[in-house]
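Student: My file is target.pdb. It has PDB, C-alpha atoms:
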ATOM      1  CA  MET Q  26      90.284  66.294 123.853  1.00  0.00           C
ATOM      2  CA  ALA Q  27      90.563  69.998 123.137  1.00  0.00           C
ATOM      3  CA  ARG Q  28      87.419  72.080 123.348  1.00  0.00           C
ATOM      4  CA  PRO Q  29      86.310  73.903 120.186  1.00  0.00           C
ATOM      5  CA  PRO Q  30      87.118  77.611 119.908  1.00  0.00           C
ATOM      6  CA  ALA Q  31      84.733  79.834 121.824  1.00  0.00           C
ATOM      7  CA  ILE Q  32      83.184  82.720 119.920  1.00  0.00           C
ATOM      8  CA  GLN Q  33      82.983  85.895 121.949  1.00  0.00           C
ATOM      9  CA  PRO Q  34      80.025  88.122 120.980  1.00  0.00           C
ATOM     10  CA  ASP Q  35      80.815  91.561 119.575  1.00  0.00           C
ATOM     11  CA  THR Q  36      78.667  94.521 118.625  1.00  0.00           C
ATOM     12  CA  GLY Q  37      80.675  95.186 115.457  1.00  0.00           C
ATOM     13  CA  THR Q  38      81.970  93.102 112.584  1.00  0.00           C
ATOM     14  CA  ARG Q  39      84.966  91.678 114.434  1.00  0.00           C
ATOM     15  CA  ILE Q  40      84.863  88.133 115.803  1.00  0.00           C
ATOM     16  CA  THR Q  41      87.354  86.866 118.363  1.00  0.00           C
ATOM     17  CA  LEU Q  42      88.033  83.145 118.522  1.00  0.00           C
ATOM     18  CA  ASN Q  43      89.710  81.889 121.668  1.00  0.00           C
ATOM     19  CA  ILE Q  44      92.080  79.101 120.621  1.00  0.00           C
ATOM     20  CA  ARG Q  45      94.203  78.764 123.762  1.00  0.00           C
ATOM     21  CA  ASN Q  46      93.104  75.178 124.208  1.00  0.00           C
ATOM     22  CA  VAL Q  47      93.688  74.281 120.565  1.00  0.00           C
ATOM     23  CA  GLY Q  48      97.100  75.724 119.744  1.00  0.00           C
ATOM     24  CA  LEU Q  49      98.275  77.101 116.407  1.00  0.00           C
ATOM     25  CA  THR Q  50     101.799  76.911 115.028  1.00  0.00           C
ATOM     26  CA  ASP Q  51     103.309  79.624 112.823  1.00  0.00           C
ATOM     27  CA  ASP Q  52     102.879  77.384 109.780  1.00  0.00           C
ATOM     28  CA  GLN Q  53      99.233  76.752 110.622  1.00  0.00           C
ATOM     29  CA  PHE Q  54      98.640  80.465 111.086  1.00  0.00           C
ATOM     30  CA  ASP Q  55     100.238  81.193 107.712  1.00  0.00           C
ATOM     31  CA  ARG Q  56      98.043  78.537 106.089  1.00  0.00           C
ATOM     32  CA  LEU Q  57      94.951  79.993 107.729  1.00  0.00           C
ATOM     33  CA  CYS Q  58      95.775  83.426 106.331  1.00  0.00           C
ATOM     34  CA  CYS Q  59      96.482  82.024 102.858  1.00  0.00           C
ATOM     35  CA  ASP Q  60      93.221  80.093 102.829  1.00  0.00           C
ATOM     36  CA  ASN Q  61      91.214  83.150 103.910  1.00  0.00           C
ATOM     37  CA  ARG Q  62      92.681  86.034 101.956  1.00  0.00           C
ATOM     38  CA  ASP Q  63      89.452  88.034 102.128  1.00  0.00           C
ATOM     39  CA  LEU Q  64      89.797  88.315 105.901  1.00  0.00           C
ATOM     40  CA  GLN Q  65      92.290  90.191 108.043  1.00  0.00           C
ATOM     41  CA  ILE Q  66      93.568  87.820 110.707  1.00  0.00           C
ATOM     42  CA  GLU Q  67      95.713  88.626 113.718  1.00  0.00           C
ATOM     43  CA  MET Q  68      96.857  86.574 116.686  1.00  0.00           C
ATOM     44  CA  THR Q  69      97.498  87.872 120.169  1.00  0.00           C
ATOM     45  CA  ALA Q  70     100.458  86.920 122.327  1.00  0.00           C
ATOM     46  CA  GLU Q  71      98.027  84.659 124.222  1.00  0.00           C
ATOM     47  CA  LYS Q  72      97.308  82.733 120.974  1.00  0.00           C
ATOM     48  CA  GLU Q  73      93.847  84.219 120.560  1.00  0.00           C
ATOM     49  CA  LEU Q  74      92.702  84.724 116.985  1.00  0.00           C
ATOM     50  CA  ILE Q  75      91.157  87.996 115.877  1.00  0.00           C
ATOM     51  CA  ILE Q  76      89.322  87.692 112.573  1.00  0.00           C
ATOM     52  CA  MET Q  77      88.067  90.840 110.886  1.00  0.00           C
ATOM     53  CA  SER Q  78      85.903  91.153 107.807  1.00  0.00           C
ATOM     54  CA  PRO Q  79      86.937  93.537 105.003  1.00  0.00           C
ATOM     55  CA  THR Q  80      86.512  97.205 105.882  1.00  0.00           C
ATOM     56  CA  TYR Q  81      83.645  99.294 104.586  1.00  0.00           C
ATOM     57  CA  PRO Q  82      84.474 101.694 101.713  1.00  0.00           C
ATOM     58  CA  GLU Q  83      84.506 104.869 103.822  1.00  0.00           C
ATOM     59  CA  THR Q  84      86.918 103.429 106.388  1.00  0.00           C
ATOM     60  CA  ASP Q  85      89.147 102.117 103.617  1.00  0.00           C
ATOM     61  CA  ARG Q  86      89.083 105.510 101.889  1.00  0.00           C
ATOM     62  CA  LYS Q  87      90.327 107.173 105.057  1.00  0.00           C
ATOM     63  CA  ASN Q  88      92.984 104.526 105.586  1.00  0.00           C
ATOM     64  CA  ALA Q  89      94.144 104.883 101.983  1.00  0.00           C
ATOM     65  CA  LYS Q  90      94.506 108.629 102.467  1.00  0.00           C
ATOM     66  CA  ILE Q  91      96.687 108.087 105.540  1.00  0.00           C
ATOM     67  CA  THR Q  92      98.966 105.535 103.873  1.00  0.00           C
ATOM     68  CA  GLN Q  93      99.143 107.676 100.744  1.00  0.00           C
ATOM     69  CA  ARG Q  94     100.467 110.585 102.785  1.00  0.00           C
ATOM     70  CA  LEU Q  95     102.870 108.304 104.657  1.00  0.00           C
ATOM     71  CA  GLY Q  96     104.053 106.765 101.388  1.00  0.00           C
ATOM     72  CA  ASN Q  97     104.600 110.153  99.735  1.00  0.00           C
ATOM     73  CA  TRP Q  98     106.729 111.257 102.663  1.00  0.00           C
ATOM     74  CA  ALA Q  99     108.638 107.952 102.860  1.00  0.00           C
ATOM     75  CA  GLU Q 100     109.547 108.041  99.162  1.00  0.00           C
ATOM     76  CA  GLN Q 101     110.762 111.616  99.430  1.00  0.00           C
ATOM     77  CA  ASP Q 102     112.642 111.005 102.688  1.00  0.00           C
ATOM     78  CA  GLY Q 103     114.224 107.764 101.487  1.00  0.00           C
ATOM     79  CA  THR Q 104     115.377 106.467 104.857  1.00  0.00           C
ATOM     80  CA  GLY Q 105     112.752 103.776 105.346  1.00  0.00           C
ATOM     81  CA  VAL Q 106     109.938 101.679 103.933  1.00  0.00           C
ATOM     82  CA  PHE Q 107     106.214 102.088 104.564  1.00  0.00           C
ATOM     83  CA  PHE Q 108     103.402  99.545 104.744  1.00  0.00           C
ATOM     84  CA  GLY Q 109      99.629  99.568 104.384  1.00  0.00           C
ATOM     85  CA  SER Q 110      97.015  97.711 106.372  1.00  0.00           C
ATOM     86  CA  SER Q 111      97.614  94.305 104.753  1.00  0.00           C
ATOM     87  CA  ALA Q 112     101.134  93.804 106.137  1.00  0.00           C
ATOM     88  CA  ILE Q 113     101.441  91.544 109.163  1.00  0.00           C
ATOM     89  CA  PHE Q 114     104.345  91.530 111.598  1.00  0.00           C
ATOM     90  CA  THR Q 115     105.327  89.137 114.382  1.00  0.00           C
ATOM     91  CA  LEU Q 116     106.122  91.188 117.476  1.00  0.00           C
ATOM     92  CA  PRO Q 117     108.772  90.091 119.998  1.00  0.00           C
ATOM     93  CA  ASN Q 118     106.005  88.913 122.360  1.00  0.00           C
ATOM     94  CA  GLY Q 119     104.741  86.508 119.680  1.00  0.00           C
ATOM     95  CA  ALA Q 120     101.646  88.480 118.650  1.00  0.00           C
ATOM     96  CA  LYS Q 121     100.976  88.755 114.920  1.00  0.00           C
ATOM     97  CA  ARG Q 122      99.644  92.224 114.154  1.00  0.00           C
ATOM     98  CA  SER Q 123      98.545  94.234 111.120  1.00  0.00           C
ATOM     99  CA  PRO Q 124      98.620  97.968 111.835  1.00  0.00           C
ATOM    100  CA  ASP Q 125      96.688 100.244 109.480  1.00  0.00           C
ATOM    101  CA  GLY Q 126      99.965 101.908 108.520  1.00  0.00           C
ATOM    102  CA  ALA Q 127     103.604 101.343 109.461  1.00  0.00           C
ATOM    103  CA  TRP Q 128     107.149 102.470 108.748  1.00  0.00           C
ATOM    104  CA  ILE Q 129     110.505 100.763 109.327  1.00  0.00           C
ATOM    105  CA  PRO Q 130     113.968 102.322 108.731  1.00  0.00           C
ATOM    106  CA  LYS Q 131     115.890 100.770 105.836  1.00  0.00           C
ATOM    107  CA  SER Q 132     118.750 100.076 108.237  1.00  0.00           C
ATOM    108  CA  ARG Q 133     116.503  97.547 110.014  1.00  0.00           C
ATOM    109  CA  TRP Q 134     114.529  96.300 107.010  1.00  0.00           C
ATOM    110  CA  ASP Q 135     117.648  95.570 104.972  1.00  0.00           C
ATOM    111  CA  GLN Q 136     118.962  93.285 107.727  1.00  0.00           C
ATOM    112  CA  LEU Q 137     116.204  90.819 106.831  1.00  0.00           C
ATOM    113  CA  THR Q 138     116.752  88.195 104.150  1.00  0.00           C
ATOM    114  CA  GLU Q 139     114.467  88.102 101.117  1.00  0.00           C
ATOM    115  CA  GLU Q 140     112.822  85.032 102.612  1.00  0.00           C
ATOM    116  CA  GLU Q 141     112.166  86.845 105.896  1.00  0.00           C
ATOM    117  CA  LYS Q 142     110.690  89.817 104.028  1.00  0.00           C
ATOM    118  CA  ASN Q 143     108.162  87.462 102.477  1.00  0.00           C
ATOM    119  CA  GLU Q 144     107.157  85.827 105.742  1.00  0.00           C
ATOM    120  CA  CYS Q 145     105.439  86.908 108.931  1.00  0.00           C
ATOM    121  CA  THR Q 146     108.875  87.522 110.382  1.00  0.00           C
ATOM    122  CA  GLU Q 147     109.650  88.979 113.795  1.00  0.00           C
ATOM    123  CA  ILE Q 148     110.038  92.732 113.483  1.00  0.00           C
ATOM    124  CA  CYS Q 149     108.161  95.554 115.185  1.00  0.00           C
ATOM    125  CA  PRO Q 150     107.706  98.726 113.103  1.00  0.00           C
ATOM    126  CA  ASP Q 151     109.246 101.901 114.463  1.00  0.00           C
ATOM    127  CA  PHE Q 152     106.060 103.792 113.610  1.00  0.00           C
ATOM    128  CA  VAL Q 153     102.495 102.465 113.596  1.00  0.00           C
ATOM    129  CA  ILE Q 154      99.071 103.896 112.842  1.00  0.00           C
ATOM    130  CA  GLU Q 155      95.707 102.512 113.879  1.00  0.00           C
ATOM    131  CA  LEU Q 156      92.518 104.051 112.463  1.00  0.00           C
ATOM    132  CA  ARG Q 157      89.399 103.499 114.528  1.00  0.00           C
ATOM    133  CA  SER Q 158      86.392 102.181 112.634  1.00  0.00           C
ATOM    134  CA  HIS Q 159      82.810 101.875 113.898  1.00  0.00           C
ATOM    135  CA  SER Q 160      83.320  98.197 114.701  1.00  0.00           C
ATOM    136  CA  ASP Q 161      86.400  98.807 116.884  1.00  0.00           C
ATOM    137  CA  ARG Q 162      86.157  98.765 120.653  1.00  0.00           C
ATOM    138  CA  VAL Q 163      88.314 101.578 122.016  1.00  0.00           C
ATOM    139  CA  PRO Q 164      89.881  99.536 124.880  1.00  0.00           C
ATOM    140  CA  ASP Q 165      90.984  96.914 122.356  1.00  0.00           C
ATOM    141  CA  ILE Q 166      92.794  99.330 120.052  1.00  0.00           C
ATOM    142  CA  GLU Q 167      94.279 101.224 122.995  1.00  0.00           C
ATOM    143  CA  ALA Q 168      95.711  97.956 124.304  1.00  0.00           C
ATOM    144  CA  LYS Q 169      97.034  97.205 120.832  1.00  0.00           C
ATOM    145  CA  MET Q 170      98.821 100.566 120.729  1.00  0.00           C
ATOM    146  CA  GLU Q 171     100.370  99.925 124.135  1.00  0.00           C
ATOM    147  CA  GLU Q 172     101.515  96.526 122.854  1.00  0.00           C
ATOM    148  CA  TYR Q 173     103.299  98.082 119.865  1.00  0.00           C
ATOM    149  CA  ILE Q 174     105.172 100.493 122.138  1.00  0.00           C
ATOM    150  CA  ALA Q 175     106.062  97.755 124.636  1.00  0.00           C
ATOM    151  CA  ASN Q 176     107.484  95.677 121.766  1.00  0.00           C
ATOM    152  CA  GLY Q 177     109.714  98.342 120.259  1.00  0.00           C
ATOM    153  CA  SER Q 178     107.682 100.943 118.365  1.00  0.00           C
ATOM    154  CA  LYS Q 179     109.031 104.443 118.902  1.00  0.00           C
ATOM    155  CA  LEU Q 180     105.898 106.304 117.876  1.00  0.00           C
ATOM    156  CA  GLY Q 181     102.248 105.352 117.451  1.00  0.00           C
ATOM    157  CA  TRP Q 182      99.169 107.209 116.303  1.00  0.00           C
ATOM    158  CA  LEU Q 183      95.660 106.138 117.215  1.00  0.00           C
ATOM    159  CA  LEU Q 184      93.441 108.180 114.911  1.00  0.00           C
ATOM    160  CA  ASP Q 185      89.771 108.354 115.884  1.00  0.00           C
ATOM    161  CA  PRO Q 186      87.650 110.282 113.364  1.00  0.00           C
ATOM    162  CA  ILE Q 187      84.489 109.106 115.151  1.00  0.00           C
ATOM    163  CA  GLU Q 188      85.355 111.093 118.285  1.00  0.00           C
ATOM    164  CA  ASN Q 189      87.524 113.626 116.388  1.00  0.00           C
ATOM    165  CA  ARG Q 190      90.521 112.649 118.498  1.00  0.00           C
ATOM    166  CA  ALA Q 191      94.115 111.544 118.091  1.00  0.00           C
ATOM    167  CA  THR Q 192      96.192 109.778 120.735  1.00  0.00           C
ATOM    168  CA  ILE Q 193      99.969 109.794 120.427  1.00  0.00           C
ATOM    169  CA  TYR Q 194     101.990 106.945 121.951  1.00  0.00           C
ATOM    170  CA  ARG Q 195     105.692 107.141 122.768  1.00  0.00           C
ATOM    171  CA  PRO Q 196     107.977 104.920 124.887  1.00  0.00           C
ATOM    172  CA  ASP Q 197     108.185 105.789 128.588  1.00  0.00           C
ATOM    173  CA  GLN Q 198     105.453 108.413 128.279  1.00  0.00           C
ATOM    174  CA  SER Q 199     101.755 108.497 128.977  1.00  0.00           C
ATOM    175  CA  PRO Q 200      99.573 108.577 125.872  1.00  0.00           C
ATOM    176  CA  GLN Q 201      98.930 112.120 124.669  1.00  0.00           C
ATOM    177  CA  ARG Q 202      95.292 112.678 123.760  1.00  0.00           C
ATOM    178  CA  ILE Q 203      94.525 115.502 121.353  1.00  0.00           C
ATOM    179  CA  ASP Q 204      90.903 116.549 120.924  1.00  0.00           C
ATOM    180  CA  SER Q 205      89.934 118.183 117.604  1.00  0.00           C
ATOM    181  CA  PRO Q 206      93.463 117.726 116.208  1.00  0.00           C
ATOM    182  CA  THR Q 207      94.694 119.673 113.220  1.00  0.00           C
ATOM    183  CA  ILE Q 208      98.198 118.888 111.921  1.00  0.00           C
ATOM    184  CA  ILE Q 209      99.941 115.887 113.497  1.00  0.00           C
ATOM    185  CA  ASN Q 210     103.692 115.566 113.010  1.00  0.00           C
ATOM    186  CA  GLY Q 211     106.030 112.616 113.076  1.00  0.00           C
ATOM    187  CA  ASP Q 212     108.378 113.979 115.736  1.00  0.00           C
ATOM    188  CA  SER Q 213     111.989 112.854 115.532  1.00  0.00           C
ATOM    189  CA  VAL Q 214     110.991 109.352 114.356  1.00  0.00           C
ATOM    190  CA  LEU Q 215     109.633 110.623 111.031  1.00  0.00           C
ATOM    191  CA  PRO Q 216     111.128 114.121 110.710  1.00  0.00           C
ATOM    192  CA  GLY Q 217     109.146 116.275 108.343  1.00  0.00           C
ATOM    193  CA  PHE Q 218     106.119 113.974 108.149  1.00  0.00           C
ATOM    194  CA  LYS Q 219     102.849 115.783 108.808  1.00  0.00           C
ATOM    195  CA  PHE Q 220      99.260 114.656 108.495  1.00  0.00           C
ATOM    196  CA  ASP Q 221      96.195 116.883 108.337  1.00  0.00           C
ATOM    197  CA  PHE Q 222      93.588 115.188 110.509  1.00  0.00           C
ATOM    198  CA  LYS Q 223      90.776 116.969 108.672  1.00  0.00           C
ATOM    199  CA  GLU Q 224      91.429 114.663 105.693  1.00  0.00           C
ATOM    200  CA  ILE Q 225      89.769 111.769 107.541  1.00  0.00           C
ATOM    201  CA  LEU Q 226      86.812 113.605 109.069  1.00  0.00           C
TER     202      LEU Q 226
END
Reformat the file's structure so that it appears as structure tokens.

Tutor:
Amino acid sequence: MARPPAIQPDTGTRITLNIRNVGLTDDQFDRLCCDNRDLQIEMTAEKELIIMSPTYPETDRKNAKITQRLGNWAEQDGTGVFFGSSAIFTLPNGAKRSPDGAWIPKSRWDQLTEEEKNECTEICPDFVIELRSHSDRVPDIEAKMEEYIANGSKLGWLLDPIENRATIYRPDQSPQRIDSPTIINGDSVLPGFKFDFKEIL
């Protein structure tokens, strides 16, 4: 008989349920998300659930500003599609993740069927953003960024307005930490995209 999920204590609003001994199929995960639309739910490659309560208004305001800037650039550039913090993607390692912002080239997105676009299909965004909130543990979001890169992301931004710091992730490179950042650019992955860090301080 499987043991019930163990709740790991946290100092913030995030609760992690260990379900390794229970198991959860893709259909069950989808049903869980549908039945709990007020929560943001992810699943690690080790089949561990991460359940997060809705964000506080100030964090959401900052996240909206980031995705607004990304969306403005994406619509003008026209080569890809952007996503906010509600989108969930299945990574090649099996993890189901919801970055705070993401971008995928149309050349990759258009290869998916309409059915796949409306499911938690396997695709790793080329560009991902994670915004640190007060309930986030830094090692957890750093590991998440490394996971995106290991699964195919070409550029990742970890934006930390609490410590006034940005960390840039790229394949085959060590993370680049920038203290008191000003303008961050999208490199060759998102040519011409720039974000003023002061907008989220």

Student: Given the file above and the PyMOL selection byres ((chain Q and resi 61-67) around 7), which residues are selected, and can you give them as a VMD selection string?

Tutor: chain Q and resid 57 to 60 68 to 69 74 to 79 121 to 123

Student: Could you check the closest approach to Q:Val106 for each of Q:Thr80, Q:Ser158, Q:Ser132, Q:Ser178 and tell me which residue wins, using only C-alpha atoms?

Tutor: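 Ranked by minimum distance to Q:Val106, first place goes to Q:Ser132.
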
Student: Just to confirm, what's the straight-line distance from atom CA of Q:Trp182 to atom CA of Q:Ile154 in Å (one decimal)?

Tutor: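 Computing it gives 4.8 Å between the two atoms.
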
Student: Hey, what's within 10 Å of Q:Glu172 if we count all atoms listed in the file and toss same-chain stuff fewer than 5 positions away? As number ranges by chain, please?

Tutor: Q: 69-70, 116, 118, 120, 122, 166-167, 177-178

Student: Care to translate the PyMOL selection byres ((chain Q and resi 213) around 12) into actual residues of this file, as a ChimeraX atom specification?

Tutor: /Q:151-152,179-180,195,210-212,214-219

Student: Given the choices Q:Thr146, Q:Asn88, Q:Asn97, Q:Thr207, which gets closest to Q:Gly109 if the distance is worked out from only C-alpha atoms?

Tutor: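 Checking each of Q:Thr146, Q:Asn88, Q:Asn97, Q:Thr207 against Q:Gly109, counting only C-alpha atoms, the winner is Q:Asn88.
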
Student: Mind pulling up the distance from atom CA of Q:Asp55 to atom CA of Q:Asp125?

Tutor: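 A separation of 19.5 Å between them.
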
Student: Would you work out the distance separating atom CA of Q:Pro200 from atom CA of Q:Arg162, expressed in Å to one decimal?

Tutor: 17.4 Å

Student: List the residues matched by the PyMOL selection byres ((chain Q and resi 198) around 12) in the displayed structure as a short mmCIF file (atom, residue, chain, number, x, y, z; two decimals) with C-alpha atoms, keeping the file's coordinate frame, ordered by chain and then by residue number.

Tutor:
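That gives us result.cif:
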data_model
loop_
_atom_site.label_atom_id
_atom_site.label_comp_id
_atom_site.auth_asym_id
_atom_site.auth_seq_id
_atom_site.Cartn_x
_atom_site.Cartn_y
_atom_site.Cartn_z
CA GLU Q 171 100.37 99.92 124.14
CA ILE Q 174 105.17 100.49 122.14
CA ALA Q 175 106.06 97.76 124.64
CA LYS Q 179 109.03 104.44 118.90
CA LEU Q 180 105.90 106.30 117.88
CA GLY Q 181 102.25 105.35 117.45
CA ILE Q 193 99.97 109.79 120.43
CA TYR Q 194 101.99 106.94 121.95
CA ARG Q 195 105.69 107.14 122.77
CA PRO Q 196 107.98 104.92 124.89
CA ASP Q 197 108.18 105.79 128.59
CA SER Q 199 101.76 108.50 128.98
CA PRO Q 200 99.57 108.58 125.87
CA GLN Q 201 98.93 112.12 124.67
CA ARG Q 202 95.29 112.68 123.76
#

Student: Given all atoms listed in the file, how would the per-residue table for stretch 52-125 of chain Q near stretch 186-191 of chain Q read, listing every residue at most 12 Å away with its closest atom pair and distance in Å to one decimal, sorted by chain and number, as a Markdown table?

Tutor:
| residue | atom | partner | partner_atom | distance |
| --- | --- | --- | --- | --- |
| Q:Glu83 | CA | Q:Pro186 | CA | 11.4 |
| Q:Thr84 | CA | Q:Pro186 | CA | 9.8 |
| Q:Lys87 | CA | Q:Pro186 | CA | 9.3 |
| Q:Asn88 | CA | Q:Pro186 | CA | 11.0 |

Student: Return the single residue from Q:Ala127, Q:Ile225, Q:Thr104, Q:Arg94 that is closest to Q:Arg157, with distances computed using all atoms listed in the file.

Tutor: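 Of all the options, Q:Ile225 lies closest to Q:Arg157.
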
Student: Once 5 Å is added on each side, what are the centre and the three edge lengths, in Å to one decimal, of the axis-aligned box enclosing the listed atoms of stretch 122-125 of chain Q? Present them as AutoDock Vina command-line options.

Tutor:
--center_x 98.2 --center_y 96.2 --center_z 111.8 --size_x 13.0 --size_y 18.0 --size_z 14.7

Student: Please determine, counting only C-alpha atoms, which residue among Q:Phe114, Q:Phe222, Q:Phe54, Q:Phe108 has the shortest atom-to-atom distance to Q:Gln93.

Tutor: Q:Phe108

Student: Which one of Q:Asp185, Q:Glu155, Q:Asp165, Q:Glu147 sits closest to Q:Ile113 if you count all atoms listed in the file?

Tutor: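 Looking only at the distances to Q:Ile113, the closest residue turns out to be Q:Glu147.
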
Student: So, counting all atoms listed in the file, which residue among Q:Gly126, Q:Glu139, Q:Asp204, Q:Met170 is closest to Q:Leu95?

Tutor: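 The answer is Q:Gly126, which sits nearest to Q:Leu95.
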